[in-house]
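What follows is a set of notes on a single structure, which appears directly below.
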Amino acid sequence: MKRAATARARANIALAKYWGKRDDALNLPAVPSVSITLDPLVTETRVVFDDALESDTFELDGAPAQAGELARVVRLLDEVRSLAGIGARASVSSVNHFPTAAGLASSASGFAALAGAASAAAGLDASAGELSARARRASASAARSIYGGFAELPVGDSDGLAARPIAPADHWDLRVVVAVTAEGRKPVGSRSAMTVSRETSVYWDAWVAAAPSLTLQIREALLARDMARLVPLVEQSFFAMHAVAMSASPSILYWQPASVAALATVRRLRDEGVLVCPTMDAGPHVKAICLSADVERVERALAETEGVLRTVVAQPGPGIEIEVEPS
Ligand code: DP6
């Protein structure tokens with residue numbers, strides 16, 4: 001047997017942040033989250049199940065992946081094999097079609113694309129919800145990348161927990177300007193940082209208690225296309241997430257001097273009347289969310305900020321696209 005499928009999925013940026021797990025083994029988030037799926041930040045993944053293969057292989061951007069990355073891929077492939085009742089090993093090749101080092105993690109788009117391509121290649125007729133749950137078990141933010149436009153990942157105790165769509169990409173013409181502030185990989189991976197945050201931050205309980213209402217308000221502001229309401233809420237979610245990380249022991253600080261300079265630029269633009277808000281993930285880059293009418297001004301101001309290496313502009317994009325190759 002030899003069966004192949006290819007899937008394309010996009011990165012996403014959380015407006016209401018996921019940070020921390022209620023169950024490590026099942027990879028269940030401790031808080032709900034809301035995100036925008038982003039064009040043109042696409043990962044394309046091809047999976048071939050082939051009886052002739054002796055073991056699973058995983059190639060990322062043309063090079064063999066590290067052992068830890070391969071192990072996470074194999075876990076997802078094992079789940080698919082067991083559901084489909086097949087034993088064939090797979091070769092997985094994944095390419096990030098991101099503008100050069102866009103400062104946005106590729107794990108969300110990567111695991112979403114892998115869940116889609118592996119399921120289709122194995123002959124599973126999976127619903128979007130099933131694909132989202134499969135992606136979530138591998139990396140929770142990936143659950144949201146199955147859907148285009150705006151999506152949410154609620155909290156829950158079930159192994160089948162999945163993200164769900166809130167609104168399509170054309171619901172709101174927002175832009176995300178990424179201010180790239182450093183090259184290379186992040187210092188502390190989000191997975192271990194989340195564990196340290198839960199186990200040691202004095203703000204952990206407050207974060208988990210406050211997140212549901214904050215997320216609900218962000219969802220409402222999004223549905224109402226109310227930028228003036230959205231801006232302070234998004235800012236609060238990201239500052240709270242980073243306050244939890246910073247107050248952990250050992251402390252996790254993702255910010256660099258250029259991150260703070262970019263945050264100050266966004267604040268200045270706001271003082272000048274532009275509706276724009278910053279957010280940051282588990283890394284030093286600042287992402288500014290604004291209306292399309294303001295994107296040139298926001299991009300110029302960030303590009304001129306000291307320490308900002310370059311800017312990348314993204315916008316709401318479509319959900320996962322899957323193609324099965326004729327066998
Ligand atoms: C900071 O999805 O990478 O980007 O479930 O452990 O794989 P795992 O974590 P991951 O966490 C991303 C967290 C974040 C915020 C967000 O995307 O909501």
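In the structure tokens, chains take the letters A, B, ... in the order shown, each chain's residues start at 1, and ligands count up from 1 in the order shown.
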Name the residues, by chain letter and number, that sit within 7 Å of ligand 1 using only C-alpha atoms and all ligand atoms, and give them as a ChimeraX atom specification. /A:13-14,16-19,27,33,107-108,136,138-142,190-191,281-282
Atoms to include: all heavy atoms. Write the selected residues as a short mmCIF file (atom, residue, chain, number, x, y, z; two decimals), in the first residue's frame.
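Contents of the output file part21.cif:
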data_model
loop_
_atom_site.label_atom_id
_atom_site.label_comp_id
_atom_site.auth_asym_id
_atom_site.auth_seq_id
_atom_site.Cartn_x
_atom_site.Cartn_y
_atom_site.Cartn_z
N ILE A 13 -2.71 33.89 15.22
CA ILE A 13 -2.27 34.74 16.33
C ILE A 13 -3.42 34.84 17.33
O ILE A 13 -4.56 35.10 16.93
CB ILE A 13 -1.86 36.15 15.82
CG1 ILE A 13 -1.42 37.06 16.96
CG2 ILE A 13 -2.98 36.86 15.07
CD1 ILE A 13 -0.01 36.89 17.33
N ALA A 14 -3.11 34.57 18.59
CA ALA A 14 -4.16 34.61 19.61
C ALA A 14 -4.42 36.03 20.08
O ALA A 14 -3.47 36.76 20.41
CB ALA A 14 -3.79 33.72 20.78
N ALA A 16 -6.99 36.37 22.50
CA ALA A 16 -7.10 35.93 23.90
C ALA A 16 -6.15 34.75 24.02
O ALA A 16 -6.30 33.75 23.32
CB ALA A 16 -8.54 35.50 24.21
N LYS A 17 -5.17 34.85 24.89
CA LYS A 17 -4.06 33.90 24.91
C LYS A 17 -4.38 32.59 25.61
O LYS A 17 -5.01 32.59 26.68
CB LYS A 17 -2.85 34.52 25.62
CG LYS A 17 -2.27 35.74 24.93
CD LYS A 17 -1.71 35.39 23.57
CE LYS A 17 -1.07 36.60 22.91
NZ LYS A 17 -0.78 36.37 21.50
N TYR A 18 -3.87 31.51 25.01
CA TYR A 18 -3.77 30.21 25.69
C TYR A 18 -2.42 30.20 26.37
O TYR A 18 -1.39 30.38 25.74
CB TYR A 18 -3.91 29.11 24.62
CG TYR A 18 -3.16 27.83 24.88
CD1 TYR A 18 -3.30 27.12 26.07
CD2 TYR A 18 -2.34 27.29 23.89
CE1 TYR A 18 -2.61 25.93 26.28
CE2 TYR A 18 -1.66 26.10 24.09
CZ TYR A 18 -1.79 25.43 25.29
OH TYR A 18 -1.12 24.25 25.49
N TRP A 19 -2.43 30.00 27.69
CA TRP A 19 -1.15 29.85 28.40
C TRP A 19 -1.37 28.94 29.60
O TRP A 19 -2.02 29.33 30.56
CB TRP A 19 -0.60 31.22 28.85
CG TRP A 19 0.83 31.13 29.34
CD1 TRP A 19 1.25 31.22 30.65
CD2 TRP A 19 2.00 30.91 28.56
NE1 TRP A 19 2.61 31.07 30.71
CE2 TRP A 19 3.10 30.87 29.43
CE3 TRP A 19 2.22 30.72 27.19
CZ2 TRP A 19 4.41 30.66 28.99
CZ3 TRP A 19 3.52 30.52 26.75
CH2 TRP A 19 4.59 30.49 27.64
N ASN A 27 -3.05 17.18 27.00
CA ASN A 27 -2.80 18.50 26.42
C ASN A 27 -4.07 19.37 26.36
O ASN A 27 -4.43 19.90 25.31
CB ASN A 27 -2.15 18.40 25.03
CG ASN A 27 -1.37 19.67 24.69
OD1 ASN A 27 -0.77 20.28 25.56
ND2 ASN A 27 -1.43 20.08 23.44
N SER A 33 -9.20 30.35 24.48
CA SER A 33 -8.45 31.30 23.65
C SER A 33 -9.21 31.61 22.36
O SER A 33 -10.09 30.86 21.94
CB SER A 33 -7.06 30.74 23.33
OG SER A 33 -7.16 29.46 22.73
N SER A 107 4.51 25.99 14.62
CA SER A 107 4.00 24.73 15.17
C SER A 107 2.48 24.63 15.00
O SER A 107 1.95 23.55 14.76
CB SER A 107 4.41 24.54 16.62
OG SER A 107 3.66 25.37 17.47
N ALA A 108 1.77 25.76 15.08
CA ALA A 108 0.31 25.69 14.93
C ALA A 108 -0.06 25.27 13.51
O ALA A 108 -0.82 24.32 13.30
CB ALA A 108 -0.32 27.04 15.26
N ARG A 136 -4.99 19.51 18.22
CA ARG A 136 -4.90 20.03 19.60
C ARG A 136 -4.10 19.09 20.51
O ARG A 136 -3.31 19.54 21.34
CB ARG A 136 -6.32 20.24 20.14
CG ARG A 136 -6.46 21.08 21.39
CD ARG A 136 -6.48 20.24 22.66
NE ARG A 136 -7.47 19.19 22.58
CZ ARG A 136 -7.34 18.01 23.14
NH1 ARG A 136 -6.26 17.69 23.85
NH2 ARG A 136 -8.28 17.09 23.02
N ALA A 138 -1.65 17.40 19.70
CA ALA A 138 -0.22 17.58 19.38
C ALA A 138 0.29 18.94 19.84
O ALA A 138 1.38 19.08 20.37
CB ALA A 138 0.01 17.41 17.89
N SER A 139 -0.52 19.99 19.65
CA SER A 139 -0.14 21.35 20.04
C SER A 139 -1.44 22.16 20.08
O SER A 139 -2.10 22.30 19.05
CB SER A 139 0.83 21.93 19.01
OG SER A 139 1.28 23.19 19.45
N ALA A 140 -1.80 22.66 21.26
CA ALA A 140 -3.16 23.18 21.42
C ALA A 140 -3.47 24.35 20.48
O ALA A 140 -4.58 24.47 19.97
CB ALA A 140 -3.42 23.56 22.87
N SER A 141 -2.48 25.22 20.23
CA SER A 141 -2.77 26.35 19.34
C SER A 141 -3.07 25.87 17.92
O SER A 141 -3.75 26.56 17.15
CB SER A 141 -1.61 27.34 19.33
OG SER A 141 -0.41 26.72 18.94
N ALA A 142 -2.59 24.68 17.54
CA ALA A 142 -2.84 24.13 16.20
C ALA A 142 -4.31 23.82 15.97
O ALA A 142 -4.78 23.84 14.82
CB ALA A 142 -2.00 22.87 15.99
N SER A 190 7.54 27.08 24.79
CA SER A 190 6.30 27.40 25.50
C SER A 190 5.84 26.26 26.39
O SER A 190 5.27 26.48 27.45
CB SER A 190 5.21 27.82 24.53
OG SER A 190 5.08 26.89 23.50
N ARG A 191 6.13 25.02 25.99
CA ARG A 191 5.62 23.87 26.75
C ARG A 191 6.20 23.87 28.17
O ARG A 191 5.46 23.82 29.16
CB ARG A 191 5.97 22.59 26.00
CG ARG A 191 5.23 21.40 26.51
CD ARG A 191 5.04 20.35 25.44
NE ARG A 191 3.90 20.64 24.58
CZ ARG A 191 3.24 19.72 23.90
NH1 ARG A 191 3.62 18.46 23.96
NH2 ARG A 191 2.21 20.04 23.16
N ASP A 281 3.78 36.57 21.80
CA ASP A 281 3.69 35.16 22.18
C ASP A 281 4.95 34.75 22.94
O ASP A 281 5.58 35.60 23.54
CB ASP A 281 3.42 34.32 20.94
CG ASP A 281 2.03 34.64 20.38
OD1 ASP A 281 1.07 34.58 21.17
OD2 ASP A 281 1.91 34.97 19.19
N ALA A 282 5.32 33.50 22.86
CA ALA A 282 6.47 33.03 23.63
C ALA A 282 7.76 33.35 22.88
O ALA A 282 8.52 32.46 22.50
CB ALA A 282 6.34 31.53 23.88
#
For A:Lys287: contacts at 10 Å, only C-alpha atoms, fewer than 3 positions along chain excluded, given as a PyMOL selection string: chain A and resi 13+103-104+175-180+259+262-263+266+277-281+284+290+302+311-314
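With only C-alpha atoms taken into account, the protein and nucleic acid residues at most 6 Å from A:Ala5 (excluding it and anything under 2 positions from it in its own chain) are Arg46, Val47, Ala117, Ala121, Glu323, Val324 and Glu325 of chain A.
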Can those selected residues be exported to a file as a compact mmCIF listing (two decimals), in the first residue's frame so that it contains all heavy atoms?
# COMPACT_ATOMS: atom_id res chain seq x y z
N ARG A 46 3.15 17.08 3.30
CA ARG A 46 2.76 15.90 2.52
C ARG A 46 3.07 14.66 3.34
O ARG A 46 4.17 14.53 3.91
CB ARG A 46 3.54 15.89 1.20
CG ARG A 46 3.21 14.71 0.30
CD ARG A 46 3.79 14.94 -1.11
NE ARG A 46 3.40 13.87 -2.02
CZ ARG A 46 4.19 12.84 -2.34
NH1 ARG A 46 5.41 12.75 -1.83
NH2 ARG A 46 3.76 11.90 -3.18
N VAL A 47 2.10 13.76 3.44
CA VAL A 47 2.28 12.51 4.17
C VAL A 47 2.08 11.35 3.21
O VAL A 47 1.08 11.31 2.49
CB VAL A 47 1.27 12.41 5.35
CG1 VAL A 47 1.38 11.04 6.03
CG2 VAL A 47 1.51 13.52 6.37
N ALA A 117 -3.21 16.12 6.62
CA ALA A 117 -2.59 15.29 5.59
C ALA A 117 -2.53 13.82 6.03
O ALA A 117 -2.82 12.92 5.24
CB ALA A 117 -1.18 15.81 5.28
N ALA A 121 -4.44 10.83 4.10
CA ALA A 121 -3.61 9.79 3.47
C ALA A 121 -3.97 8.41 4.01
O ALA A 121 -3.87 7.41 3.30
CB ALA A 121 -2.13 10.08 3.71
N GLU A 323 -5.68 17.74 -0.02
CA GLU A 323 -5.76 17.08 -1.32
C GLU A 323 -5.24 15.65 -1.21
O GLU A 323 -4.12 15.45 -0.74
CB GLU A 323 -4.84 17.81 -2.29
CG GLU A 323 -5.49 18.26 -3.58
CD GLU A 323 -4.51 19.14 -4.34
OE1 GLU A 323 -3.74 18.57 -5.13
OE2 GLU A 323 -4.50 20.37 -4.08
N VAL A 324 -6.04 14.69 -1.63
CA VAL A 324 -5.58 13.30 -1.63
C VAL A 324 -5.06 12.97 -3.01
O VAL A 324 -5.72 13.27 -4.01
CB VAL A 324 -6.74 12.35 -1.25
CG1 VAL A 324 -6.24 10.90 -1.19
CG2 VAL A 324 -7.34 12.75 0.08
N GLU A 325 -3.86 12.35 -3.09
CA GLU A 325 -3.32 11.99 -4.40
C GLU A 325 -3.90 10.65 -4.85
O GLU A 325 -4.06 9.75 -4.03
CB GLU A 325 -1.77 11.87 -4.31
CG GLU A 325 -1.12 13.20 -4.06
CD GLU A 325 0.37 13.08 -3.73
OE1 GLU A 325 1.02 12.13 -4.20
OE2 GLU A 325 0.87 13.95 -3.01
Do you know which residues are at most 9 Å from A:Ser201 counting only C-alpha atoms, after dropping those on the same chain fewer than 4 positions away, and could you put them as a short mmCIF file (atom, residue, chain, number, x, y, z; two decimals) with all heavy atoms, in the first residue's frame?
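Saved as selection_10.cif:
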data_model
loop_
_atom_site.label_atom_id
_atom_site.label_comp_id
_atom_site.auth_asym_id
_atom_site.auth_seq_id
_atom_site.Cartn_x
_atom_site.Cartn_y
_atom_site.Cartn_z
N VAL A 196 6.24 25.59 34.24
CA VAL A 196 6.84 26.40 35.32
C VAL A 196 5.86 27.48 35.77
O VAL A 196 5.74 27.76 36.97
CB VAL A 196 8.17 27.05 34.84
CG1 VAL A 196 8.81 27.85 35.95
CG2 VAL A 196 9.14 25.99 34.37
N SER A 197 5.15 28.08 34.81
CA SER A 197 4.17 29.13 35.17
C SER A 197 3.11 28.57 36.12
O SER A 197 2.79 29.18 37.14
CB SER A 197 3.48 29.66 33.91
OG SER A 197 4.40 30.28 33.05
N ASP A 205 -3.35 31.40 39.64
CA ASP A 205 -4.78 31.23 39.92
C ASP A 205 -5.60 32.42 39.41
O ASP A 205 -6.70 32.25 38.89
CB ASP A 205 -5.03 31.05 41.42
CG ASP A 205 -4.49 29.70 41.91
OD1 ASP A 205 -4.26 28.81 41.06
OD2 ASP A 205 -4.28 29.56 43.14
N ALA A 243 2.80 38.41 32.43
CA ALA A 243 3.00 38.63 33.87
C ALA A 243 3.10 37.29 34.59
O ALA A 243 3.90 37.13 35.52
CB ALA A 243 1.84 39.46 34.44
N VAL A 244 2.30 36.32 34.15
CA VAL A 244 2.37 34.99 34.74
C VAL A 244 3.74 34.36 34.46
O VAL A 244 4.38 33.81 35.36
CB VAL A 244 1.23 34.09 34.18
CG1 VAL A 244 1.42 32.64 34.59
CG2 VAL A 244 -0.12 34.61 34.65
N ALA A 245 4.21 34.48 33.21
CA ALA A 245 5.51 33.90 32.85
C ALA A 245 6.65 34.59 33.61
O ALA A 245 7.54 33.95 34.17
CB ALA A 245 5.73 34.00 31.35
N MET A 246 6.60 35.92 33.65
CA MET A 246 7.67 36.67 34.31
C MET A 246 7.73 36.40 35.80
O MET A 246 8.79 36.44 36.41
CB MET A 246 7.45 38.18 34.12
CG MET A 246 7.81 38.69 32.76
SD MET A 246 7.48 40.48 32.74
CE MET A 246 7.21 40.74 31.02
N SER A 247 6.55 36.14 36.40
CA SER A 247 6.51 35.95 37.86
C SER A 247 6.72 34.49 38.24
O SER A 247 6.57 34.13 39.41
CB SER A 247 5.17 36.46 38.41
OG SER A 247 4.10 35.78 37.77
N ALA A 248 7.03 33.64 37.26
CA ALA A 248 7.36 32.24 37.59
C ALA A 248 8.77 32.18 38.16
O ALA A 248 9.53 33.15 38.10
CB ALA A 248 7.26 31.39 36.33
N SER A 249 9.12 31.03 38.72
CA SER A 249 10.47 30.86 39.25
C SER A 249 11.04 29.53 38.76
O SER A 249 10.50 28.48 39.09
CB SER A 249 10.42 30.88 40.78
OG SER A 249 11.72 30.67 41.28
N SER A 251 12.19 32.84 36.53
CA SER A 251 11.39 33.77 35.74
C SER A 251 11.58 33.54 34.24
O SER A 251 12.68 33.24 33.79
CB SER A 251 11.81 35.19 36.11
OG SER A 251 11.15 36.10 35.27
#
I need the residues in stretch 42-245 of chain A that are strand (DSSP E) according to DSSP; give them as a ChimeraX atom specification. /A:42-50,57-60,63-64,89-97,150-153,164-167,174-180
